[in-house]
$ cat run-v4.cif   # mmCIF, C-alpha atoms and all ligand atoms
data_protein
loop_
_atom_site.label_atom_id
_atom_site.label_comp_id
_atom_site.auth_asym_id
_atom_site.auth_seq_id
_atom_site.Cartn_x
_atom_site.Cartn_y
_atom_site.Cartn_z
CA LYS A 1 63.53 -20.01 -32.38
CA LYS A 2 64.28 -18.33 -29.07
CA PRO A 3 63.63 -14.57 -29.38
CA SER A 4 66.59 -12.30 -28.69
CA MET A 5 66.50 -9.99 -25.68
CA PHE A 6 65.52 -7.07 -27.91
CA ASN A 7 62.67 -8.99 -29.47
CA GLN A 8 61.23 -9.66 -26.04
CA PHE A 9 61.48 -6.05 -24.97
CA ARG A 10 59.04 -3.56 -26.39
CA ASN A 11 60.29 0.00 -26.54
CA LYS A 12 57.17 1.09 -28.31
CA GLY A 13 53.75 0.79 -26.75
CA SER A 14 52.12 2.22 -23.67
CA PRO A 15 54.35 3.05 -20.67
CA ALA A 16 52.68 0.34 -18.55
CA GLU A 17 53.39 -2.27 -21.26
CA ILE A 18 57.02 -1.18 -21.46
CA ALA A 19 57.27 -1.35 -17.64
CA LYS A 20 55.79 -4.84 -17.50
CA ASP A 21 58.14 -6.08 -20.24
CA TYR A 22 61.09 -4.54 -18.44
CA PHE A 23 60.13 -6.15 -15.13
CA ASP A 24 59.41 -9.53 -16.74
CA LEU A 25 62.83 -9.50 -18.32
CA ASN A 26 64.77 -8.39 -15.24
CA TYR A 27 62.81 -9.54 -12.22
CA SER A 28 62.12 -13.07 -13.46
CA LYS A 29 65.89 -13.64 -13.29
CA VAL A 30 66.17 -12.29 -9.76
CA PHE A 31 62.99 -13.54 -8.11
CA LYS A 32 62.64 -16.68 -10.26
CA ALA A 33 59.58 -18.73 -9.18
CA LYS A 34 58.38 -15.87 -6.97
CA TRP A 35 58.09 -13.38 -9.85
CA PRO A 36 54.70 -14.52 -11.29
CA GLY A 37 53.16 -14.21 -7.82
CA MET A 38 54.74 -10.79 -7.30
CA ARG A 39 53.56 -9.63 -10.73
CA CYS A 40 50.05 -10.81 -10.03
CA ALA A 41 50.03 -9.07 -6.64
CA MET A 42 51.32 -5.82 -8.13
CA LEU A 43 48.52 -5.89 -10.69
CA SER A 44 45.92 -6.50 -7.98
CA ARG A 45 44.37 -4.21 -5.44
CA LYS A 46 47.00 -3.38 -2.86
CA LYS A 47 46.63 -3.78 0.86
CA TYR A 48 46.82 -0.90 3.33
CA CYS A 49 47.53 -0.42 6.96
CA ASN A 50 45.56 2.06 9.01
CA ILE A 51 47.57 4.43 11.19
CA LEU A 52 45.57 6.14 13.88
CA ASN A 53 46.11 9.83 14.40
CA SER A 54 47.44 10.07 17.94
CA TYR A 55 46.21 13.70 18.13
CA ALA A 56 42.59 12.73 17.43
CA ASP A 57 39.98 11.18 19.66
CA PHE A 58 40.20 7.72 18.07
CA GLU A 59 39.07 5.28 20.80
CA GLN A 60 35.66 4.43 19.35
CA TYR A 61 37.07 4.10 15.83
CA GLN A 62 39.89 1.91 17.18
CA ASP A 63 37.33 -0.42 18.85
CA GLU A 64 35.50 -0.75 15.53
CA ILE A 65 38.71 -1.61 13.68
CA ILE A 66 39.70 -4.20 16.27
CA SER A 67 36.28 -5.84 16.23
CA SER A 68 36.50 -6.09 12.43
CA GLY A 69 39.58 -8.33 12.84
CA ALA A 70 42.51 -5.94 12.43
CA TYR A 71 45.45 -5.85 14.85
CA ASP A 72 48.12 -3.30 15.72
CA PHE A 73 51.32 -4.72 14.25
CA ILE A 74 53.56 -2.13 15.90
CA SER A 75 52.26 -3.13 19.37
CA LYS A 76 52.85 -6.74 18.38
CA LEU A 77 56.41 -5.84 17.38
CA HIS A 78 56.93 -4.21 20.81
CA GLU A 79 55.61 -7.33 22.58
CA ASN A 80 57.84 -9.66 20.54
CA ALA A 81 60.85 -7.44 21.21
CA THR A 82 60.14 -7.40 24.97
CA GLU A 83 59.85 -11.18 25.03
CA LYS A 84 63.06 -11.61 23.03
CA ASN A 85 64.77 -9.05 25.25
CA ALA A 86 64.10 -11.14 28.38
CA GLU A 87 65.26 -14.30 26.58
CA LEU A 88 68.50 -12.60 25.48
CA LYS A 89 69.19 -11.26 28.99
CA ASN A 90 68.85 -14.79 30.40
CA LYS A 91 71.17 -16.22 27.76
CA ILE A 92 73.73 -13.49 28.44
CA ASN A 93 73.61 -14.17 32.20
CA GLU A 94 74.11 -17.89 31.69
CA LEU A 95 76.93 -17.37 29.24
CA GLU A 96 78.69 -14.91 31.54
CA LYS A 97 78.51 -17.44 34.40
CA GLU A 98 79.85 -20.18 32.13
CA MET A 99 82.68 -17.93 30.97
CA SER A 100 83.61 -16.96 34.48
CA ASN A 101 83.89 -20.67 35.36
CA GLU A 102 85.90 -21.36 32.23
CA SER A 103 88.36 -18.58 32.94
CA LYS A 104 88.86 -19.95 36.47
CA GLN A 105 89.87 -23.25 34.91
CA LEU A 106 92.64 -21.64 32.86
CA PRO A 107 96.10 -22.05 34.43
CA ASN A 108 97.54 -19.18 36.37
CA GLU A 109 100.95 -18.73 37.96
CA ASP A 110 100.06 -21.06 40.89
CA ARG A 111 98.20 -23.72 38.91
CA ASP A 112 99.93 -24.91 35.77
CA GLU A 113 98.84 -28.54 35.87
CA MET A 114 96.98 -28.34 32.47
CA THR A 115 98.55 -29.67 29.28
CA THR A 116 99.16 -27.28 26.38
CA SER A 117 96.39 -28.84 24.30
CA GLU A 118 93.92 -28.50 27.18
CA VAL A 119 94.86 -24.85 27.57
CA LYS A 120 94.44 -24.28 23.80
CA SER A 121 91.04 -25.90 23.77
CA LYS A 122 89.85 -23.94 26.83
CA SER A 123 91.08 -20.64 25.38
CA SER A 124 89.44 -21.33 22.04
CA GLN A 125 86.17 -22.13 23.83
CA LEU A 126 86.48 -18.87 25.75
CA GLU A 127 87.19 -16.93 22.54
CA GLN A 128 84.11 -18.45 20.89
CA ASN A 129 82.03 -17.47 23.89
CA ILE A 130 83.38 -13.91 23.79
CA ASP A 131 82.21 -13.67 20.14
CA LEU A 132 78.83 -15.13 21.05
CA LEU A 133 78.48 -12.70 23.95
CA GLU A 134 79.23 -9.80 21.63
CA GLU A 135 76.60 -11.06 19.20
CA LEU A 136 74.01 -11.48 21.97
CA ASN A 137 74.73 -8.02 23.34
CA SER A 138 74.32 -6.47 19.91
CA SER A 139 70.96 -8.30 19.46
CA LEU A 140 69.96 -7.10 22.92
CA GLN A 141 70.72 -3.51 21.91
CA THR A 142 68.60 -3.84 18.74
CA CYS A 143 65.83 -5.49 20.72
CA SER A 144 65.80 -2.71 23.31
CA GLN A 145 65.46 -0.20 20.47
CA LEU A 146 62.61 -2.18 18.91
CA GLU A 147 60.84 -2.38 22.25
CA LYS A 148 60.35 1.38 22.07
CA VAL A 149 60.37 2.02 18.33
CA CYS A 150 57.61 4.38 17.13
CA MET A 151 56.07 4.44 20.60
CA GLY A 152 52.57 5.89 20.48
CA VAL A 153 52.00 4.89 16.82
CA HIS A 154 49.07 2.52 16.28
CA ALA A 155 49.24 0.80 12.89
CA TYR A 156 46.44 -1.68 12.17
CA VAL A 157 46.52 -4.39 9.52
CA TYR A 158 44.33 -7.34 8.67
CA PRO A 159 46.10 -10.70 8.91
CA LYS A 160 47.76 -12.29 5.87
CA GLY A 161 45.10 -13.52 3.46
CA ASP A 162 42.38 -11.24 4.89
CA PHE A 163 41.27 -8.78 2.19
CA THR A 164 38.96 -6.59 4.30
CA GLU A 165 39.38 -2.91 3.50
CA PHE A 166 39.47 -0.07 6.02
CA LYS A 167 37.02 2.80 5.98
CA GLY A 168 38.26 6.32 6.72
CA GLU A 169 36.68 8.78 9.12
CA ILE A 170 37.07 12.43 10.12
CA LYS A 171 36.25 13.71 13.56
CA ASN A 172 36.34 17.28 14.90
CA SER A 173 38.01 18.37 11.66
CA LEU A 174 41.11 16.22 12.38
CA TYR A 175 41.55 13.03 10.40
CA LEU A 176 41.20 10.00 12.64
CA SER A 177 43.69 7.95 10.65
CA PHE A 178 45.62 7.61 7.43
CA PHE A 179 46.18 4.67 5.13
CA LEU A 180 49.59 3.61 3.91
CA ASP A 181 51.24 0.60 2.36
CA ALA A 182 52.33 -1.04 5.64
CA SER A 183 55.83 -1.58 4.27
CA SER A 184 56.21 2.23 4.10
CA ILE A 185 56.48 2.18 7.90
CA LEU A 186 59.58 -0.01 7.75
CA PRO A 187 62.02 2.77 6.78
CA VAL A 188 60.81 4.72 9.84
CA LEU A 189 61.11 1.66 12.09
CA ALA A 190 64.64 1.15 10.76
CA LEU A 191 65.49 4.83 11.39
CA ASN A 192 64.27 4.40 15.00
CA PRO A 193 63.45 8.05 15.73
CA ILE A 194 63.73 8.82 19.45
CA PRO A 195 63.12 11.90 21.60
CA GLY A 196 65.92 14.41 21.26
CA ASP A 197 66.73 13.43 17.67
CA HIS A 198 67.30 16.02 14.98
CA ILE A 199 65.84 14.43 11.87
CA LEU A 200 66.04 15.32 8.21
CA ASP A 201 63.54 13.76 5.81
CA LEU A 202 65.33 14.65 2.56
CA CYS A 203 62.60 13.57 0.09
CA ALA A 204 59.52 13.93 2.25
CA ALA A 205 56.49 14.55 0.00
CA PRO A 206 53.66 13.68 0.17
CA GLY A 207 54.60 13.14 3.82
CA GLY A 208 53.51 9.62 4.80
CA LYS A 209 56.72 8.71 6.63
CA PHE A 210 57.07 12.24 7.96
CA ASN A 211 53.59 11.94 9.49
CA ILE A 212 54.56 8.69 11.25
CA MET A 213 57.62 10.37 12.75
CA VAL A 214 55.53 13.35 13.91
CA GLN A 215 52.94 10.98 15.37
CA SER A 216 55.64 9.09 17.22
CA LEU A 217 57.76 11.98 18.50
CA GLY A 218 55.48 14.99 18.76
CA ASN A 219 57.43 17.86 20.23
CA SER A 220 60.19 15.76 21.68
CA ALA A 221 62.27 16.08 18.51
CA HIS A 222 63.01 18.38 15.62
CA ILE A 223 62.09 17.25 12.14
CA VAL A 224 62.87 18.97 8.86
CA ALA A 225 60.82 17.78 5.88
CA ASN A 226 62.28 18.66 2.49
CA ASP A 227 61.08 18.11 -1.06
CA ILE A 228 62.17 19.66 -4.33
CA ASP A 229 58.66 19.68 -5.76
CA SER A 230 56.53 22.62 -4.63
CA LYS A 231 53.19 20.96 -5.45
CA ARG A 232 54.11 17.81 -3.56
CA GLY A 233 55.64 19.94 -0.80
CA HIS A 234 52.20 21.48 -0.28
CA ARG A 235 50.92 18.03 0.56
CA ILE A 236 53.35 17.87 3.51
CA LYS A 237 51.87 21.12 4.83
CA LYS A 238 48.39 19.64 4.30
CA VAL A 239 49.39 16.65 6.46
CA LEU A 240 50.28 19.04 9.30
CA LYS A 241 46.95 20.82 8.91
CA GLU A 242 44.81 17.69 8.71
CA TYR A 243 46.43 15.64 11.45
CA LEU A 244 47.73 18.07 14.06
CA PRO A 245 45.78 20.49 16.23
CA LYS A 246 46.29 24.07 15.00
CA THR A 247 47.40 25.34 18.38
CA SER A 248 49.77 22.49 19.18
CA SER A 249 53.36 23.40 20.00
CA ILE A 250 54.45 20.59 17.65
CA HIS A 251 54.31 23.10 14.83
CA ASN A 252 57.43 24.72 16.36
CA HIS A 253 59.27 21.42 16.10
CA VAL A 254 58.70 20.71 12.42
CA LYS A 255 59.85 22.63 9.40
CA VAL A 256 58.83 22.15 5.78
CA VAL A 257 61.40 23.32 3.23
CA ARG A 258 61.96 23.11 -0.51
CA PHE A 259 65.49 22.48 -1.72
CA ASP A 260 67.22 20.27 -4.20
CA GLY A 261 68.44 17.41 -2.00
CA THR A 262 71.36 16.75 -4.34
CA GLN A 263 72.74 20.19 -3.34
CA TRP A 264 71.99 19.92 0.40
CA LEU A 265 75.69 19.95 1.31
CA ASP A 266 75.87 23.57 0.14
CA GLN A 267 73.80 24.64 3.11
CA GLU A 268 74.27 22.12 5.90
CA THR A 269 76.59 19.28 6.85
CA GLU A 270 76.77 17.09 9.98
CA ALA A 271 73.59 18.73 11.33
CA TYR A 272 71.28 15.75 12.01
CA SER A 273 71.37 12.65 14.18
CA LYS A 274 69.13 10.79 11.73
CA VAL A 275 68.43 11.21 8.03
CA LEU A 276 65.76 9.49 5.98
CA VAL A 277 66.31 9.46 2.22
CA ASP A 278 63.28 7.94 0.52
CA VAL A 279 64.39 8.55 -3.06
CA PRO A 280 62.47 8.95 -6.31
CA CYS A 281 62.56 5.64 -8.20
CA THR A 282 60.70 3.68 -10.89
CA THR A 283 57.78 3.19 -8.40
CA ASP A 284 57.30 -0.31 -9.82
CA ARG A 285 53.72 -0.91 -8.77
CA ILE A 286 52.45 2.42 -10.11
CA SER A 287 54.40 2.00 -13.35
CA MET A 288 52.46 -1.16 -14.18
CA TYR A 289 49.25 0.85 -14.60
CA GLU A 290 48.24 3.22 -17.40
CA PRO A 291 48.04 6.75 -15.97
CA LYS A 292 45.48 9.35 -17.11
CA ILE A 293 48.34 11.41 -18.48
CA GLU A 294 50.96 9.25 -20.20
CA TYR A 295 53.80 11.48 -18.99
CA ASP A 296 53.03 10.56 -15.35
CA ASN A 297 54.43 7.08 -15.94
CA ILE A 298 58.25 7.11 -15.76
CA PHE A 299 58.33 4.38 -18.43
CA CYS A 300 56.92 6.70 -21.10
CA ASN A 301 59.34 7.27 -23.95
CA GLN A 302 59.76 10.99 -23.23
CA ARG A 303 61.16 10.13 -19.77
CA LYS A 304 63.62 7.47 -20.91
CA ARG A 305 66.63 9.65 -20.18
CA GLU A 306 65.28 10.61 -16.72
CA ARG A 307 64.72 6.92 -15.97
CA GLY A 308 68.28 6.10 -16.98
CA ARG A 309 69.62 8.80 -14.70
CA LEU A 310 67.72 7.58 -11.61
CA PRO A 311 70.63 5.64 -10.02
CA GLU A 312 72.86 8.71 -10.38
CA ILE A 313 70.26 10.98 -8.72
CA GLN A 314 69.60 8.41 -6.00
CA SER A 315 73.31 8.11 -5.25
CA ASN A 316 73.61 11.90 -5.15
CA LEU A 317 70.72 12.14 -2.70
CA LEU A 318 72.23 9.41 -0.52
CA LYS A 319 75.59 11.18 -0.60
CA ASN A 320 73.95 14.40 0.61
CA ALA A 321 72.03 12.49 3.28
CA ILE A 322 75.30 11.01 4.60
CA LEU A 323 76.96 14.42 4.59
CA ALA A 324 73.97 15.96 6.41
CA CYS A 325 74.24 13.30 9.15
CA GLN A 326 76.55 13.65 12.15
CA PRO A 327 79.29 11.03 12.62
CA GLY A 328 77.76 8.33 14.80
CA GLY A 329 74.33 9.00 13.29
CA THR A 330 71.97 6.89 11.21
CA ILE A 331 70.90 7.15 7.58
CA VAL A 332 68.06 5.11 6.09
CA TYR A 333 67.87 4.76 2.30
CA SER A 334 64.58 3.48 0.90
CA THR A 335 62.79 2.98 -2.41
CA CYS A 336 59.61 1.40 -3.69
CA THR A 337 61.28 -0.59 -6.43
CA ALA A 338 62.65 -4.13 -6.52
CA SER A 339 65.46 -3.06 -8.87
CA ALA A 340 68.93 -4.00 -7.59
CA LEU A 341 70.34 -1.20 -9.73
CA GLN A 342 68.38 1.36 -7.71
CA ASN A 343 68.74 -0.43 -4.37
CA GLU A 344 71.86 -2.29 -3.31
CA PHE A 345 74.01 -1.06 -6.20
CA VAL A 346 73.31 2.58 -5.35
CA VAL A 347 74.09 1.98 -1.67
CA GLN A 348 77.29 0.03 -2.33
CA TYR A 349 78.54 2.51 -4.93
CA THR A 350 77.80 5.52 -2.71
CA ILE A 351 79.48 4.03 0.37
CA GLN A 352 82.62 3.48 -1.67
CA GLU A 353 82.47 7.01 -3.11
CA MET A 354 82.06 8.53 0.36
CA TYR A 355 85.15 6.74 1.59
CA GLU A 356 87.27 7.55 -1.44
CA ASN A 357 86.23 11.19 -1.84
CA TYR A 358 85.44 12.29 1.73
CA GLN A 359 87.13 9.63 3.94
CA ILE A 360 83.71 9.08 5.51
CA LEU A 361 83.17 5.52 6.65
CA CYS A 362 79.62 4.13 6.58
CA GLU A 363 78.58 0.66 7.64
CA VAL A 364 75.50 -1.20 6.49
CA GLU A 365 73.55 -2.36 9.53
CA ASP A 366 71.81 -5.66 9.99
CA LEU A 367 68.00 -5.53 9.90
CA SER A 368 67.39 -9.25 10.38
CA LEU A 369 65.91 -8.94 13.86
CA LEU A 370 63.36 -6.39 12.64
CA THR A 371 62.38 -8.57 9.68
CA ARG A 372 62.17 -11.69 11.87
CA PHE A 373 59.60 -9.94 14.06
CA LEU A 374 57.58 -8.94 10.99
CA GLN A 375 57.37 -12.33 9.27
CA ASP A 376 53.62 -12.58 9.97
CA GLU A 377 52.87 -9.35 8.14
CA PHE A 378 55.28 -9.22 5.19
CA HIS A 379 57.12 -11.32 2.66
CA PHE A 380 60.83 -10.52 2.54
CA HIS A 381 63.14 -11.45 -0.32
CA ASP A 382 65.41 -14.26 0.93
CA ASP A 383 68.54 -13.46 -1.07
CA GLN A 384 68.82 -9.75 -0.42
CA PRO A 385 72.58 -8.99 -0.29
CA ILE A 386 72.25 -5.81 1.79
CA GLY A 387 69.29 -4.14 3.46
CA THR A 388 65.91 -5.79 3.20
CA LEU A 389 63.29 -5.98 0.47
CA VAL A 390 59.56 -6.44 1.04
CA ILE A 391 58.12 -8.30 -1.92
CA PRO A 392 54.41 -8.19 -2.77
CA GLN A 393 52.44 -11.44 -2.68
CA LEU A 394 48.67 -11.75 -2.95
CA ASP A 395 48.09 -12.69 0.70
CA ALA A 396 50.20 -9.75 1.98
CA ASN A 397 50.07 -7.30 -0.87
CA PHE A 398 52.58 -4.70 0.41
CA GLY A 399 55.67 -3.35 -1.31
CA PRO A 400 57.94 -3.58 -3.11
CA THR A 401 59.92 -1.59 -0.53
CA PHE A 402 63.67 -1.61 -0.10
CA ILE A 403 65.20 -0.43 3.17
CA CYS A 404 68.86 -0.09 4.02
CA ARG A 405 70.21 1.36 7.27
CA LEU A 406 73.66 2.91 7.41
CA HIS A 407 75.72 3.90 10.40
CA ARG A 408 77.99 6.85 9.74
CA VAL A 409 81.12 5.85 11.61
CA THR A 410 83.41 8.80 10.84
N1 LIG B 1 58.95 9.96 1.70
C1 LIG B 1 57.74 10.27 1.00
C2 LIG B 1 56.56 9.75 1.79
O1 LIG B 1 56.73 8.88 2.65
O2 LIG B 1 55.45 10.23 1.58
C3 LIG B 1 57.76 9.75 -0.41
C4 LIG B 1 58.93 10.26 -1.22
S1 LIG B 1 58.81 9.92 -2.92
C5 LIG B 1 59.25 8.30 -3.02
C6 LIG B 1 60.21 10.74 -3.56
C7 LIG B 1 60.17 12.24 -3.44
O3 LIG B 1 61.46 12.75 -3.79
C8 LIG B 1 59.18 12.94 -4.37
O4 LIG B 1 58.24 13.66 -3.64
C9 LIG B 1 60.06 13.90 -5.19
O5 LIG B 1 59.45 15.15 -5.42
C10 LIG B 1 61.29 14.05 -4.31
N2 LIG B 1 62.53 14.43 -5.01
C11 LIG B 1 62.94 14.08 -6.24
N3 LIG B 1 64.14 14.63 -6.51
C12 LIG B 1 64.48 15.33 -5.41
C13 LIG B 1 65.60 16.14 -5.07
N4 LIG B 1 66.61 16.33 -5.94
N5 LIG B 1 65.63 16.75 -3.86
C14 LIG B 1 64.61 16.57 -2.99
N6 LIG B 1 63.52 15.83 -3.26
C15 LIG B 1 63.46 15.21 -4.45
#

$ encode --input "run-v4.cif" --output "structure tokens"
Amino acid sequence: KKPSMFNQFRNKGSPAEIAKDYFDLNYSKVFKAKWPGMRCAMLSRKKYCNILNSYADFEQYQDEIISSGAYDFISKLHENATEKNAELKNKINELEKEMSNESKQLPNEDRDEMTTSEVKSKSSQLEQNIDLLEELNSSLQTCSQLEKVCMGVHAYVYPKGDFTEFKGEIKNSLYLSFFLDASSILPVLALNPIPGDHILDLCAAPGGKFNIMVQSLGNSAHIVANDIDSKRGHRIKKVLKEYLPKTSSIHNHVKVVRFDGTQWLDQETEAYSKVLVDVPCTTDRISMYEPKIEYDNIFCNQRKRERGRLPEIQSNLLKNAILACQPGGTIVYSTCTASALQNEFVVQYTIQEMYENYQILCEVEDLSLLTRFLQDEFHFHDDQPIGTLVIPQLDANFGPTFICRLHRVT
């Protein structure tokens, strides 16, 4: 007899057991044949990338990392984008020439020797080319951004299938590097922080993504790092202490604050060109392990209500992130769960709410060029309706990480 859904799902037992049952039930339907591999990866030792501290004297350490077989995947991304950029420019040139010839062939007042069907076919060809040109120009714009994205950040990884682990080092009291799940860089790459930006990191602790932005922009931007949790907020301050020289003027360009992000609109609206909202979620990978203190796992029975409310909190945080962003600006929503309920559903619901309640129009942006350039490093879920989802697999054990970029139009 086939067990009913409730028989399969344990609501008693350790939090990690409950989490695994929950994921087996839900994710096997979404990821199908990929789920066993993802599950196995999530229960195995995860892979890290090594981000060099651009304020430390890292050359010797960098040489050691390179000779051990690691490569800088952000530099590789820049190279790919530059190559693609040149290819796109050529295509655009050729297409523009072709279109100019085509338009000359269309009849004008002096030359009306073409038949109606010939004219129709020529105009439709021209229309198709106009669409293609628009598409190529938009790819060119994305490519130009990617050519410069996170300039100055060196992020080393070992190739897919290589399980070597990095060793950390400290020099002259500044940390030489920090280790992160490489997919945690993707929300920052999608945000594309550039000099002159005013950036809000709404849920910033412990400060991994914030550190990447500081490494990349230094004092050419202003960054506000917020977190509701004072203990975790302290870790952001620790990042500044451990990775930046004490006397550096960068300290005047970053601010660490502690507010409830769901109430941000009470103090500021339309103040930032870019907002990162890396929300609290079920942290799938962590939830599959038994913590020292049971309460630390969000799947423990005492936190059932909190878990159920996550999509509401996430949507509220995204709403505040959109309101904090200037029209024309960019918002990146990210999580470390593979749950559609906390990813695409939250984004779609919130976009609709923003339009209905505030007449603010947000558009989901395409991240396919970014993911195409990162195929060697990550596994992406093929059927992701919006945004992109890095799925863990044993040979590239990063994620899960969901990233969605929004453009605030009005
Ligand atoms: N972006 C961080 C990083 O890269 O290191 C990780 C952020 S973590 C996924 C989510 C954070 O959201 C937690 O530090 C949590 O304290 C914070 N948080 C939860 N609710 C919040 C709220 N209402 N306002 C602001 N921060 C909140």

$ residues_near_ligand --input "run-v4.cif" --ligand "ligand LIG 1 (chain B)" --cutoff "10 Å" --atoms "all atoms listed in the file" --output "ChimeraX atom specification"
/A:180-181,184-185,187-188,201-212,225-233,235-236,257-264,276-283,310,313-314,316-317,320,334-337

$ closest_residue --input "run-v4.cif" --among "A:Met99, A:Ile18, A:Val153, A:Leu126" --to "Gln215 of chain A" --atoms "only C-alpha atoms"
A:Val153

$ atom_distance --input "run-v4.cif" --atom1 "atom CA of Ser124 of chain A" --atom2 "atom CA of Ser138 of chain A"
21.3 Å

$ residues_around --input "run-v4.cif" --residues "Leu341 of chain A" --least-positions-apart "2" --cutoff "12 Å" --atoms "only C-alpha atoms" --output "PDB file with C-alpha atoms, in the frame of the given file"
ATOM      1  CA  ASN A  26      64.770  -8.390 -15.240  1.00  0.00           C
ATOM      2  CA  TYR A  27      62.810  -9.540 -12.220  1.00  0.00           C
ATOM      3  CA  VAL A  30      66.170 -12.290  -9.760  1.00  0.00           C
ATOM      4  CA  CYS A 281      62.560   5.640  -8.200  1.00  0.00           C
ATOM      5  CA  THR A 282      60.700   3.680 -10.890  1.00  0.00           C
ATOM      6  CA  ARG A 307      64.720   6.920 -15.970  1.00  0.00           C
ATOM      7  CA  GLY A 308      68.280   6.100 -16.980  1.00  0.00           C
ATOM      8  CA  ARG A 309      69.620   8.800 -14.700  1.00  0.00           C
ATOM      9  CA  LEU A 310      67.720   7.580 -11.610  1.00  0.00           C
ATOM     10  CA  PRO A 311      70.630   5.640 -10.020  1.00  0.00           C
ATOM     11  CA  GLU A 312      72.860   8.710 -10.380  1.00  0.00           C
ATOM     12  CA  GLN A 314      69.600   8.410  -6.000  1.00  0.00           C
ATOM     13  CA  SER A 315      73.310   8.110  -5.250  1.00  0.00           C
ATOM     14  CA  THR A 335      62.790   2.980  -2.410  1.00  0.00           C
ATOM     15  CA  THR A 337      61.280  -0.590  -6.430  1.00  0.00           C
ATOM     16  CA  ALA A 338      62.650  -4.130  -6.520  1.00  0.00           C
ATOM     17  CA  SER A 339      65.460  -3.060  -8.870  1.00  0.00           C
ATOM     18  CA  ASN A 343      68.740  -0.430  -4.370  1.00  0.00           C
ATOM     19  CA  GLU A 344      71.860  -2.290  -3.310  1.00  0.00           C
ATOM     20  CA  PHE A 345      74.010  -1.060  -6.200  1.00  0.00           C
ATOM     21  CA  VAL A 346      73.310   2.580  -5.350  1.00  0.00           C
ATOM     22  CA  VAL A 347      74.090   1.980  -1.670  1.00  0.00           C
ATOM     23  CA  GLN A 348      77.290   0.030  -2.330  1.00  0.00           C
ATOM     24  CA  TYR A 349      78.540   2.510  -4.930  1.00  0.00           C
ATOM     25  CA  PHE A 402      63.670  -1.610  -0.100  1.00  0.00           C
TER      26      PHE A 402
END

$ residues_around --input "run-v4.cif" --residues "Tyr156 of chain A" --least-positions-apart "5" --cutoff "7 Å" --atoms "only C-alpha atoms" --output "list in words"
Cys49, Asn50, Ile51, Ala70, Tyr71, Asp72 and Phe73 of chain A

$ atom_distance --input "run-v4.cif" --atom1 "atom CA of Asn301 of chain A" --atom2 "atom CA of Pro15 of chain A"
7.3 Å

$ atom_distance --input "run-v4.cif" --atom1 "atom CA of Glu365 of chain A" --atom2 "atom CA of Ile403 of chain A"
10.7 Å

$ closest_atom_pairs --input "run-v4.cif" --of "segment 276-375 of chain A" --to "segment 265-269 of chain A" --cutoff "8 Å" --atoms "all atoms listed in the file" --output "JSON lines"
{"residue": "A:Asn320", "atom": "CA", "partner": "A:Leu265", "partner_atom": "CA", "distance": 5.9}
{"residue": "A:Leu323", "atom": "CA", "partner": "A:Thr269", "partner_atom": "CA", "distance": 5.4}
{"residue": "A:Ala324", "atom": "CA", "partner": "A:Thr269", "partner_atom": "CA", "distance": 4.3}
{"residue": "A:Cys325", "atom": "CA", "partner": "A:Thr269", "partner_atom": "CA", "distance": 6.8}
{"residue": "A:Gln326", "atom": "CA", "partner": "A:Thr269", "partner_atom": "CA", "distance": 7.7}

$ residues_around --input "run-v4.cif" --residues "Phe299 of chain A" --least-positions-apart "2" --cutoff "12 Å" --atoms "only C-alpha atoms" --output "number ranges by chain"
A: 10-23, 281-291, 294-297, 301-308

$ residues_around --input "run-v4.cif" --residues "Ser248 of chain A" --least-positions-apart "5" --cutoff "10 Å" --atoms "all atoms listed in the file" --output "list in words"
Tyr55, Gly218 and Asn219 of chain A

$ closest_residue --input "run-v4.cif" --among "A:Val390, A:Val224, A:Leu140, A:Glu102" --to "Gln375 of chain A" --atoms "all atoms listed in the file"
A:Val390

$ residues_around --input "run-v4.cif" --residues "Glu83 of chain A" --least-positions-apart "5" --cutoff "10 Å" --atoms "only C-alpha atoms" --output "MDAnalysis selection string"
chainID A and resid 77:78 88 143 147

$ closest_residue --input "run-v4.cif" --among "A:Gln60, A:Asn53, A:Thr410, A:Thr371" --to "Ser183 of chain A" --atoms "only C-alpha atoms"
A:Thr371

$ closest_residue --input "run-v4.cif" --among "A:Lys246, A:Lys122, A:His379, A:Lys255" --to "Gln393 of chain A" --atoms "only C-alpha atoms"
A:His379

$ residues_near_point --input "run-v4.cif" --point "(89.8, -22.3, 33.4)" --cutoff "10 Å" --atoms "only C-alpha atoms" --output "PDB file with C-alpha atoms, in the coordinates of the input"
ATOM      1  CA  MET A  99      82.680 -17.930  30.970  1.00  0.00           C
ATOM      2  CA  SER A 100      83.610 -16.960  34.480  1.00  0.00           C
ATOM      3  CA  ASN A 101      83.890 -20.670  35.360  1.00  0.00           C
ATOM      4  CA  GLU A 102      85.900 -21.360  32.230  1.00  0.00           C
ATOM      5  CA  SER A 103      88.360 -18.580  32.940  1.00  0.00           C
ATOM      6  CA  LYS A 104      88.860 -19.950  36.470  1.00  0.00           C
ATOM      7  CA  GLN A 105      89.870 -23.250  34.910  1.00  0.00           C
ATOM      8  CA  LEU A 106      92.640 -21.640  32.860  1.00  0.00           C
ATOM      9  CA  PRO A 107      96.100 -22.050  34.430  1.00  0.00           C
ATOM     10  CA  ASN A 108      97.540 -19.180  36.370  1.00  0.00           C
ATOM     11  CA  MET A 114      96.980 -28.340  32.470  1.00  0.00           C
ATOM     12  CA  GLU A 118      93.920 -28.500  27.180  1.00  0.00           C
ATOM     13  CA  VAL A 119      94.860 -24.850  27.570  1.00  0.00           C
ATOM     14  CA  LYS A 122      89.850 -23.940  26.830  1.00  0.00           C
ATOM     15  CA  SER A 123      91.080 -20.640  25.380  1.00  0.00           C
ATOM     16  CA  LEU A 126      86.480 -18.870  25.750  1.00  0.00           C
TER      17      LEU A 126
END
